[in-house]
Amino acid sequence: MRITVIGSGYVGLVTGACLSDLGFKVLCLDKDEEKIRALQNGEVPIYEPGLQALLARNRADGRIRFTTDALEAGEHGDVLFIAVGTPPAEDGSADLVHVLSVAAMIGQHLKNFKLVINKSTVPVGTADRVRAAISHELSQRGMALDLFDVVSNPEFLKEGAAIDDFMHPDRIVVGIDEGLNHSKSQRMMGDLYASFNRHHARTVWMDVRSAELTKYAANAMLATRISFMNEIANLADVLGADVDHIRRGIGADNRIGHSFLYAGCGYGGSCFPKDTQALVSTAREHGQGMQVVAATERVNQQQKEILVNRLVATLGPDLTGFKIAVWGLAFKPNTDDMREATSRVVIPNLLERGAQVSAFDPVAGVEAMKALRSDCQDKPQWLERFELAKDDMAALVDADALLVLTEWKNFHNPDFQHMKALMRRPFVLDGRNLYNPEALAELGIAYQGVGRRNDLVQLMRSGSSPADDATHRKEEAVSALHA
Ligand SMILES: NC(=O)c1ccc[n+]([C@@H]2O[C@H](COP(=O)([O-])OP(=O)(O)OC[C@H]3O[C@@H](n4cnc5c(N)ncnc54)[C@H](O)[C@@H]3O)[C@@H](O)[C@H]2O)c1
């Protein structure tokens, strides 16, 4: 069985790379010529741990190739994966323009039986629209309409751990509808994922509509857990409780479990925000409420503002003359994906308030600059006060506060003494709850996590900030940094 993957982004590339590693001959198509040229030259246009090596190995062995030629791609695969983007439209619904244009393209080139597998996250009913688009093209060409089947196979990988997720799936959801080609499609899907079902059956078979909705339900559930914990954390802050204790206390309950209970400064990424909005939009279209999910998204939007609100509560609304350091720009660690990243809310807000911003991210610097230029396109002068620092410590020089937005491992154990010496005001707003409030208190660093109590911030406000006597230590540390 040969495989074509249409759309060579995060999902398409990982799918293609992993399936080629399982021995399939894979051809990846993308309409982005620059991306395909880079891939043909052995470059990988995204940061995803392990992807570069996986692609290099399978490219060298001739199992994976890249093209912009739709005809070649259509002819190559017995199965054609659709893995193009489904970004949010103005009203929050999923924009299916890419999916449907791929469907039309498939219909224009189809000559013999192909199994069309929809891996993009799409609203219920999309498979019917894909079928209709392919059938339309086939009938224009006077071809038989049973030359294909459309199945749903939503993807559950996480960026940053995508290869491991694909190669060791908790489950594989496959939606197939009754019809002429049902048994052939089922056999092909079984063969495709046989490697993952050898030990025990991981495939969950269902009808197409249920499979389409399963993906949204999964993302909405995970997003809801995060927003729920964020609300608990905000309450814990007011009540003087610590959300980290609460997280452990409830996670130990088997019915709840430990995953996705971390409070912080909001979720981002290409999936949770758009998929929750799309689910709400689908429900609305069908006259249904989706109140829990709508609230999840609302809470998340507020949560992305929380660190700036706290900064303003301490330093005042006008941040002119203050320098704010930011650690972490990508929406989460181990990716350079900037889609819906919290940094894209925080940084323009700081710049609008007149702050100077110095930011560091281990891998997302280039993507972050592109995103911020686009976000600030109406106010390009703001970016004159923004700089990308060469490393985490360089971002801190003379800073009045540090905002931690992404939990990269490199940020877990910084040299706090050095940090304190470099900053004009040792004040850490920890949006990912990486640090121990007591340890930082002992070091004289004003600290506020999310739901971790705020004693030190009050200490700062009362004028007993330990920052004032730091000048000579700071000079020493700065010269060490430049040495
Ligand atoms: N990124 C994730 O973590 C993730 C996880 C699970 C599911 N998904 C879903 O998978 C889908 C793809 O997401 P992604 O993050 O890989 O998107 P992406 O934007 O990284 O990649 C999409 C690719 O499709 C290409 N494309 C668009 N139209 C095309 C066409 N007509 N022909 C050929 N190529 C075309 C684009 O050029 C782009 O390279 C989305 O529906 C998303 O919701 C994403």
# chains A, B, ... in the order shown; residues from 1 in each chain; ligands from 1

$ residues_near_ligand --ligand "ligand 1" --cutoff "6 Å" --atoms "only C-alpha atoms and all ligand atoms" --output "list of chain:residue names"
A:Ile6, A:Gly7, A:Ser8, A:Gly9, A:Tyr10, A:Val11, A:Gly12, A:Leu29, A:Asp30, A:Lys31, A:Asp32, A:Ala83, A:Val84, A:Gly85, A:Thr86, A:His98, A:Ser101, A:Val102, A:Ser120, A:Thr121, A:Glu155, A:Phe156, A:Leu157, A:Lys158, A:Glu159, A:Ser270, A:Cys271

$ residues_around --residues "Ile246 of chain A" --least-positions-apart "2" --cutoff "12 Å" --atoms "only C-alpha atoms" --output "ChimeraX atom specification"
/A:229-230,232-233,235-236,241-244,248-253,258,261-263,451-452

$ write_last_selection --atoms "N, CA and C atoms" --output "compact mmCIF listing (two decimals), in the first residue's frame"
# COMPACT_ATOMS: atom_id res chain seq x y z
N MET A 229 -9.00 24.47 36.10
CA MET A 229 -7.91 24.63 37.08
C MET A 229 -7.48 26.08 37.18
N ASN A 230 -7.55 26.81 36.06
CA ASN A 230 -7.18 28.22 36.12
C ASN A 230 -8.16 29.00 37.00
N ILE A 232 -9.85 27.68 39.50
CA ILE A 232 -9.55 27.27 40.88
C ILE A 232 -8.30 28.02 41.37
N ALA A 233 -7.31 28.17 40.49
CA ALA A 233 -6.06 28.85 40.87
C ALA A 233 -6.34 30.32 41.21
N LEU A 235 -9.03 31.56 42.31
CA LEU A 235 -9.72 31.59 43.59
C LEU A 235 -8.72 31.30 44.72
N ALA A 236 -7.82 30.34 44.48
CA ALA A 236 -6.82 29.99 45.50
C ALA A 236 -5.98 31.23 45.83
N ALA A 241 -4.74 29.94 49.25
CA ALA A 241 -4.46 28.50 49.11
C ALA A 241 -3.47 28.31 47.95
N ASP A 242 -2.92 27.10 47.84
CA ASP A 242 -1.92 26.85 46.80
C ASP A 242 -2.46 25.81 45.83
N VAL A 243 -2.60 26.21 44.57
CA VAL A 243 -3.21 25.33 43.57
C VAL A 243 -2.36 24.09 43.32
N ASP A 244 -1.08 24.18 43.61
CA ASP A 244 -0.24 23.00 43.37
C ASP A 244 -0.60 21.87 44.33
N ARG A 248 -2.44 18.18 43.17
CA ARG A 248 -2.05 16.83 43.61
C ARG A 248 -3.19 16.17 44.36
N GLY A 249 -3.88 16.96 45.15
CA GLY A 249 -4.97 16.42 45.95
C GLY A 249 -6.10 15.85 45.11
N ILE A 250 -6.41 16.52 44.01
CA ILE A 250 -7.52 15.98 43.20
C ILE A 250 -7.01 14.98 42.16
N GLY A 251 -5.75 15.18 41.68
CA GLY A 251 -5.21 14.28 40.65
C GLY A 251 -5.06 12.86 41.16
N ALA A 252 -4.87 12.72 42.47
CA ALA A 252 -4.69 11.38 43.04
C ALA A 252 -5.99 10.57 43.00
N ASP A 253 -7.08 11.22 42.76
CA ASP A 253 -8.36 10.53 42.60
C ASP A 253 -8.37 9.87 41.22
N HIS A 258 -4.01 12.74 36.90
CA HIS A 258 -3.10 13.88 37.08
C HIS A 258 -2.94 14.78 35.85
N LEU A 261 -3.97 19.22 34.56
CA LEU A 261 -4.50 19.93 35.73
C LEU A 261 -3.59 21.11 36.10
N TYR A 262 -2.74 21.52 35.18
CA TYR A 262 -1.79 22.58 35.53
C TYR A 262 -2.39 23.95 35.27
N ALA A 263 -2.43 24.74 36.32
CA ALA A 263 -2.89 26.12 36.15
C ALA A 263 -1.77 26.93 35.52
N GLY A 451 -2.04 31.03 41.32
CA GLY A 451 -2.65 30.24 42.38
C GLY A 451 -1.66 29.77 43.42
N ARG A 452 -0.55 30.51 43.60
CA ARG A 452 0.50 30.07 44.53
C ARG A 452 0.67 31.03 45.71

$ select_by_dssp --residues "segment 362-466 of chain A" --states "helix (DSSP H, G or I)" --output "number ranges by chain"
A: 365-375, 380-385, 392-396, 409-411, 416-422, 437-443, 455-461

$ closest_residue --among "A:Ile117, A:Ala371, A:Val44, A:Ala211" --to "Ile347 of chain A" --atoms "only C-alpha atoms"
A:Ala371

$ closest_residue --among "A:Ile176, A:Met1, A:Leu319, A:Met290" --to "Ala217 of chain A" --atoms "only C-alpha atoms"
A:Met290

$ residues_around --residues "Asn300 of chain A" --least-positions-apart "4" --cutoff "8 Å" --atoms "only C-alpha atoms" --output "list in words"
Ser227, Gly266, Tyr267, Thr296 and Lys304 of chain A

$ write_last_selection --atoms "N, CA and C atoms" --output "short mmCIF file (atom, residue, chain, number, x, y, z; two decimals), in the first residue's frame"
data_model
loop_
_atom_site.label_atom_id
_atom_site.label_comp_id
_atom_site.auth_asym_id
_atom_site.auth_seq_id
_atom_site.Cartn_x
_atom_site.Cartn_y
_atom_site.Cartn_z
N SER A 227 -8.93 25.25 31.84
CA SER A 227 -9.64 26.46 32.28
C SER A 227 -10.24 26.28 33.67
N GLY A 266 -2.79 30.42 30.58
CA GLY A 266 -3.66 30.16 29.42
C GLY A 266 -3.05 29.21 28.41
N TYR A 267 -3.93 28.49 27.73
CA TYR A 267 -3.47 27.58 26.66
C TYR A 267 -3.50 28.29 25.32
N THR A 296 -15.11 27.79 28.78
CA THR A 296 -13.70 27.37 28.77
C THR A 296 -12.87 28.34 27.96
N LYS A 304 -4.98 34.62 29.71
CA LYS A 304 -3.79 35.10 28.99
C LYS A 304 -3.39 36.51 29.41
#

$ closest_residue --among "A:Leu96, A:Leu402, A:Met369, A:Val293" --to "Ile324 of chain A" --atoms "only C-alpha atoms"
A:Leu402

$ select_by_dssp --residues "segment 200-352 of chain A" --states "strand (DSSP E or B)" --output "PyMOL selection string"
chain A and resi 203-206+323-327

$ atom_distance --atom1 "atom CA of Asp361 of chain A" --atom2 "atom CA of Arg344 of chain A"
13.2 Å

$ residues_around --residues "Asp164 of chain A" --least-positions-apart "2" --cutoff "12 Å" --atoms "only C-alpha atoms" --output "PyMOL selection string"
chain A and resi 14-15+17-18+48-51+54+156-162+166-170

$ write_last_selection --atoms "all heavy atoms" --output "compact mmCIF listing (two decimals), in the first residue's frame"
# COMPACT_ATOMS: atom_id res chain seq x y z
N VAL A 14 4.62 14.75 10.17
CA VAL A 14 4.81 13.71 11.19
C VAL A 14 4.15 12.40 10.71
O VAL A 14 4.75 11.32 10.81
CB VAL A 14 4.22 14.16 12.55
CG1 VAL A 14 4.17 13.00 13.54
CG2 VAL A 14 5.05 15.31 13.12
N THR A 15 2.96 12.51 10.14
CA THR A 15 2.28 11.32 9.61
C THR A 15 3.13 10.66 8.53
O THR A 15 3.37 9.45 8.54
CB THR A 15 0.90 11.71 9.02
OG1 THR A 15 0.13 12.34 10.06
CG2 THR A 15 0.14 10.52 8.48
N ALA A 17 6.38 11.02 7.91
CA ALA A 17 7.66 10.52 8.42
C ALA A 17 7.45 9.19 9.16
O ALA A 17 8.19 8.23 8.95
CB ALA A 17 8.29 11.55 9.34
N CYS A 18 6.43 9.14 10.02
CA CYS A 18 6.23 7.93 10.83
C CYS A 18 5.79 6.76 9.96
O CYS A 18 6.27 5.63 10.14
CB CYS A 18 5.19 8.19 11.93
SG CYS A 18 5.79 9.32 13.18
N GLU A 48 10.35 20.12 15.60
CA GLU A 48 9.64 19.03 16.30
C GLU A 48 10.70 17.99 16.67
O GLU A 48 11.36 17.45 15.77
CB GLU A 48 8.56 18.44 15.39
CG GLU A 48 7.74 17.31 16.00
CD GLU A 48 6.96 17.72 17.25
OE1 GLU A 48 6.34 18.78 17.26
OE2 GLU A 48 7.01 16.96 18.25
N PRO A 49 10.91 17.75 17.95
CA PRO A 49 11.99 16.85 18.35
C PRO A 49 11.93 15.50 17.62
O PRO A 49 10.88 14.86 17.56
CB PRO A 49 11.76 16.67 19.87
CG PRO A 49 11.06 17.92 20.27
CD PRO A 49 10.18 18.29 19.11
N GLY A 50 13.07 15.12 17.06
CA GLY A 50 13.20 13.81 16.40
C GLY A 50 12.78 13.79 14.94
O GLY A 50 13.08 12.84 14.21
N LEU A 51 12.08 14.83 14.49
CA LEU A 51 11.53 14.80 13.13
C LEU A 51 12.63 14.85 12.07
O LEU A 51 12.58 14.14 11.07
CB LEU A 51 10.52 15.94 12.95
CG LEU A 51 9.77 15.99 11.63
CD1 LEU A 51 9.00 14.69 11.37
CD2 LEU A 51 8.80 17.17 11.58
N LEU A 54 14.31 11.49 11.68
CA LEU A 54 13.38 10.50 11.11
C LEU A 54 13.22 10.73 9.60
O LEU A 54 13.26 9.78 8.80
CB LEU A 54 12.03 10.62 11.81
CG LEU A 54 11.04 9.48 11.64
CD1 LEU A 54 11.58 8.20 12.27
CD2 LEU A 54 9.71 9.83 12.30
N PHE A 156 -4.46 12.78 17.08
CA PHE A 156 -4.43 13.21 18.49
C PHE A 156 -3.02 13.56 18.96
O PHE A 156 -2.79 13.70 20.16
CB PHE A 156 -5.02 12.12 19.38
CG PHE A 156 -6.47 11.85 19.09
CD1 PHE A 156 -6.84 10.80 18.27
CD2 PHE A 156 -7.46 12.67 19.61
CE1 PHE A 156 -8.18 10.56 17.99
CE2 PHE A 156 -8.80 12.44 19.33
CZ PHE A 156 -9.16 11.38 18.51
N LEU A 157 -2.07 13.68 18.03
CA LEU A 157 -0.69 13.95 18.47
C LEU A 157 -0.58 15.31 19.14
O LEU A 157 -1.38 16.21 18.89
CB LEU A 157 0.29 13.86 17.30
CG LEU A 157 0.15 14.82 16.11
CD1 LEU A 157 0.69 16.20 16.42
CD2 LEU A 157 0.87 14.24 14.91
N LYS A 158 0.45 15.42 20.02
CA LYS A 158 0.76 16.70 20.66
C LYS A 158 2.03 17.23 20.04
O LYS A 158 3.01 16.48 19.92
CB LYS A 158 1.06 16.52 22.16
CG LYS A 158 -0.01 15.95 23.00
CD LYS A 158 0.43 15.88 24.47
CE LYS A 158 1.49 14.84 24.78
NZ LYS A 158 1.13 13.44 24.56
N GLU A 159 2.04 18.49 19.65
CA GLU A 159 3.30 19.07 19.20
C GLU A 159 4.30 18.99 20.35
O GLU A 159 3.94 19.13 21.51
CB GLU A 159 3.09 20.52 18.78
CG GLU A 159 2.41 20.61 17.43
CD GLU A 159 2.13 22.03 16.99
OE1 GLU A 159 2.86 22.95 17.41
OE2 GLU A 159 1.17 22.22 16.24
N GLY A 160 5.56 18.79 20.00
CA GLY A 160 6.59 18.66 21.04
C GLY A 160 6.83 17.20 21.41
O GLY A 160 7.89 16.85 21.89
N ALA A 161 5.81 16.36 21.20
CA ALA A 161 5.97 14.91 21.46
C ALA A 161 5.27 14.15 20.34
O ALA A 161 4.74 13.07 20.54
CB ALA A 161 5.37 14.55 22.82
N ALA A 162 5.25 14.76 19.16
CA ALA A 162 4.38 14.28 18.08
C ALA A 162 4.78 12.89 17.59
O ALA A 162 3.91 12.05 17.32
CB ALA A 162 4.40 15.28 16.93
N PHE A 166 2.51 9.62 17.77
CA PHE A 166 2.05 8.91 16.56
C PHE A 166 2.45 7.44 16.62
O PHE A 166 1.68 6.56 16.27
CB PHE A 166 2.63 9.56 15.29
CG PHE A 166 1.94 9.11 14.03
CD1 PHE A 166 0.93 9.86 13.46
CD2 PHE A 166 2.28 7.89 13.43
CE1 PHE A 166 0.26 9.42 12.31
CE2 PHE A 166 1.62 7.44 12.28
CZ PHE A 166 0.62 8.22 11.72
N MET A 167 3.67 7.20 17.10
CA MET A 167 4.20 5.83 17.10
C MET A 167 3.66 4.99 18.26
O MET A 167 3.71 3.77 18.21
CB MET A 167 5.73 5.86 17.16
CG MET A 167 6.37 6.37 15.88
SD MET A 167 5.87 5.40 14.44
CE MET A 167 7.36 5.46 13.45
N HIS A 168 3.18 5.65 19.31
CA HIS A 168 2.63 4.92 20.46
C HIS A 168 1.27 5.51 20.82
O HIS A 168 1.09 6.08 21.90
CB HIS A 168 3.57 5.02 21.67
CG HIS A 168 4.95 4.57 21.35
ND1 HIS A 168 5.98 5.42 21.05
CD2 HIS A 168 5.47 3.32 21.25
CE1 HIS A 168 7.07 4.72 20.79
NE2 HIS A 168 6.80 3.45 20.90
N PRO A 169 0.31 5.36 19.92
CA PRO A 169 -0.99 6.01 20.18
C PRO A 169 -1.77 5.34 21.30
O PRO A 169 -1.71 4.11 21.44
CB PRO A 169 -1.73 5.84 18.84
CG PRO A 169 -1.11 4.61 18.22
CD PRO A 169 0.32 4.57 18.68
N ASP A 170 -2.45 6.14 22.12
CA ASP A 170 -3.36 5.57 23.11
C ASP A 170 -4.47 4.84 22.38
O ASP A 170 -4.92 3.78 22.80
CB ASP A 170 -4.01 6.68 23.96
CG ASP A 170 -2.99 7.39 24.83
OD1 ASP A 170 -1.98 6.76 25.16
OD2 ASP A 170 -3.23 8.58 25.17

$ closest_residue --among "A:Gln186, A:Ser20, A:Thr67, A:Thr314" --to "Gln40 of chain A" --atoms "only C-alpha atoms"
A:Thr67

$ atom_distance --atom1 "atom CA of Gly354 of chain A" --atom2 "atom CA of Gly321 of chain A"
7.3 Å

$ closest_residue --among "A:Asn181, A:Gln108, A:Ser93, A:Thr214" --to "Ser152 of chain A" --atoms "only C-alpha atoms"
A:Thr214
